[in-house]
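Chemist: Handing you this structure, nothing more for now.
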Amino acid sequence: MNGLDGTEKRGIKELGAEKLVGWDEVEQGVVINSFEGDATGVANVHAENRNYSDFNSYTATVASWRVIKPVYNRDYCIDCQNCWVWCPDSSIISRDKQMLGIDYDHCKGCQVCSEVCPTNPKSLLMFLEATENDEALAGWPEKKEKEK
Amino acid sequence: MAKKYDLNEVEVWDGNYAASQALRQAQVDVVAAYPITPSTPIVENYGNYVANGYIDGEFVMVESEHAAMSGCVGAAASGGRVATATSSQGFALMVEVLYQASGMRLPIVLTVVNRALASPLNVRGDHSDMYLGRDSGWIQLDSFNAQEAYDMVLCAFRIGENMNVRLPVMVHQDGFITSHTAQNVSPLSDDEAYAFVGEYQPYNDMLDFSKPVTYGAQTEEDWHYEHKARQHKALMDSRDVINSVFEEYKAKTGREYKRVESYLMDDAEVAIVALGTTVETCLLAAKQLREEEGIKAGVVAPRCFRPFPFDMIRDALMNVKALCVMDRSAPGGAMGALFNEVSAALYTTPNRPIITNYIYGLGGRDFSVKEAKRIFKEQLAHAEAGEITTDIQQFSGLRGPKLGFFKTKRS
């Protein structure tokens, strides 16, 4: 699984003005290139193999202001892809319809994934940002009996 | 392939029809529009041309002028030649997106048929909407009759789409007085017009899948200032491109345009500075005064309202004794905007002529040759007295008691 979730390239820097350029050097119209070089057919290339430009937020951490985070529990997940479909920030990492985890460099903690998770108990639950994932998983709730 | 019009050497067109024919000849790819009086026929005609096969383009119907300009921004960013039309309240609703279009450096052409802004509601011509766009980062060209409305639209595409400019351009004409008055117009043939405007050259277009781009990025205090400075420089530098496009147009048509038009100014001692149809009214008055009373009167008119022709205004007016700047927009607690800008330009000349301001013609109130002559004579009185003999800001053609503000400060 190493490399599959794109961790080597993802979130390696803070987004922002890594270099302040002169007013006459900025790209006119604030038009931003997503990729370096020719990007023909890039839609068919996995994210970790794309040549993202420095301006693309894929290579940047843009989640520093998250206060609660989703934690993923593989033991209950049925790979239904609900969370992947609903995530508004493309922060559910999934490959070949198998759920791999959360992209914490881009997740804002909106809780949508946890809301739409259909399993019992849920495979995605929200915890305070400071909570360690291991600690969260250790205290995972039990399956709830259906109320009759 | 679009069908062609077989045009006469001289056609009888009103300003709206003239503008729409220019849009057709430029083969505009997309018009997203929400029609409004008095500019409605421009986009209505475009729709007709598309429906009848005279344009290979798209008419996009939208739910507001905000959406109209948003649609234009999207289409222009995608890489098409784009135009629309609006007036007054519609222009006001567009304003937010006007800044987006210029900030994204998209060469959209907006034909504005000038009309008063409510309240009170009014459909007649004044320059409130044109003034509302003056800080929006667009190039603003002004036409004084139907022929010029046609000519300026063709020039607008050339200017805005120039690779050193890439800015949106407004072409203004006066509501009803120009837009609904049929006049003789000498058009180019379809082939000549399209050869002049040229094939649209996309730049950073979103439909180039080999180079996906994002439009509408956020920049905070680290970059925003630099982008706005660069945009301002592009607007200021567009002056040279405007000059050369006008020269090329003259070579093609014999019709000469300048960023500042000067009429009877060679020996003029008094002048009126005005925009729109008022220019022709004042010119008639100046001619009559010269013939009847030997008064050396002249008229100066910014053809290009933005970028403001600070340079050419100075050249045109620095040697007159007294001039009046006419503002056809409610000044909202200040001197008229054109007065302020012309004054600032002339303050940097050695002569510093006497300058006064008239507000006039709001909501389509008529402005007559007789009144223009009276104003010329008033300038002569200032010149002879060596000082401003009236209030600095006055109101022309206003019913009820005389209204005016500020006197010359002498101590």
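Residue names in the structure tokens use chain letters A, B, ... in the order shown, residue numbers from 1 in each chain, and ligand numbers from 1 in the order shown.
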At a cut-off of 9 Å, using only C-alpha atoms, what residues contact Leu275 (chain B)? Leave out same-chain residues fewer than 2 positions from it and give the result as a list in words.

Modeler: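 Answer for this query is His127, Asp142, Ser143, Phe144, Val273, Thr277, Thr278, Val279, Val300, Ala301, Pro302, Arg303, Phe305, Met326, Asp327 and Arg328 of chain B.
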
Chemist: Just need the residues of chain A within 7 Å of chain B, counting only C-alpha atoms, so spit them out as a PyMOL selection string.

Modeler: chain A and resi 17+23-24+26+28-34+38-40

Chemist: I'd like to know which of B:Glu96, B:Glu44, B:Asp237, B:Glu148 is closest to Trp13 (chain B), using only C-alpha atoms.

Modeler: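 Nearest to Trp13 (chain B): B:Glu148.
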
Chemist: Quick one: distance from CA of Leu141 (chain B) to CA of Tyr257 (chain B) in Å, one decimal?

Modeler: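 For CA of Leu141 (chain B) relative to CA of Tyr257 (chain B), the distance reads 10.8 Å.
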
Chemist: Please measure the separation of CA of Tyr194 (chain B) and CA of Phe59 (chain B), giving the value in Å to one decimal.

Modeler: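 For CA of Tyr194 (chain B) relative to CA of Phe59 (chain B), the distance reads 19.8 Å.
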
Chemist: Could you pull out the alpha helix (DSSP H) residues of region 52-255 of chain B, going by DSSP on the backbone, and write them as a VMD selection string?

Modeler: chain B and resid 65 to 78 88 to 103 128 to 132 146 to 161 190 to 197 224 to 253

Chemist: Please measure the separation of CA of Ala381 (chain B) and CA of Gly397 (chain B), giving the value in Å to one decimal.

Modeler: 19.6 Å
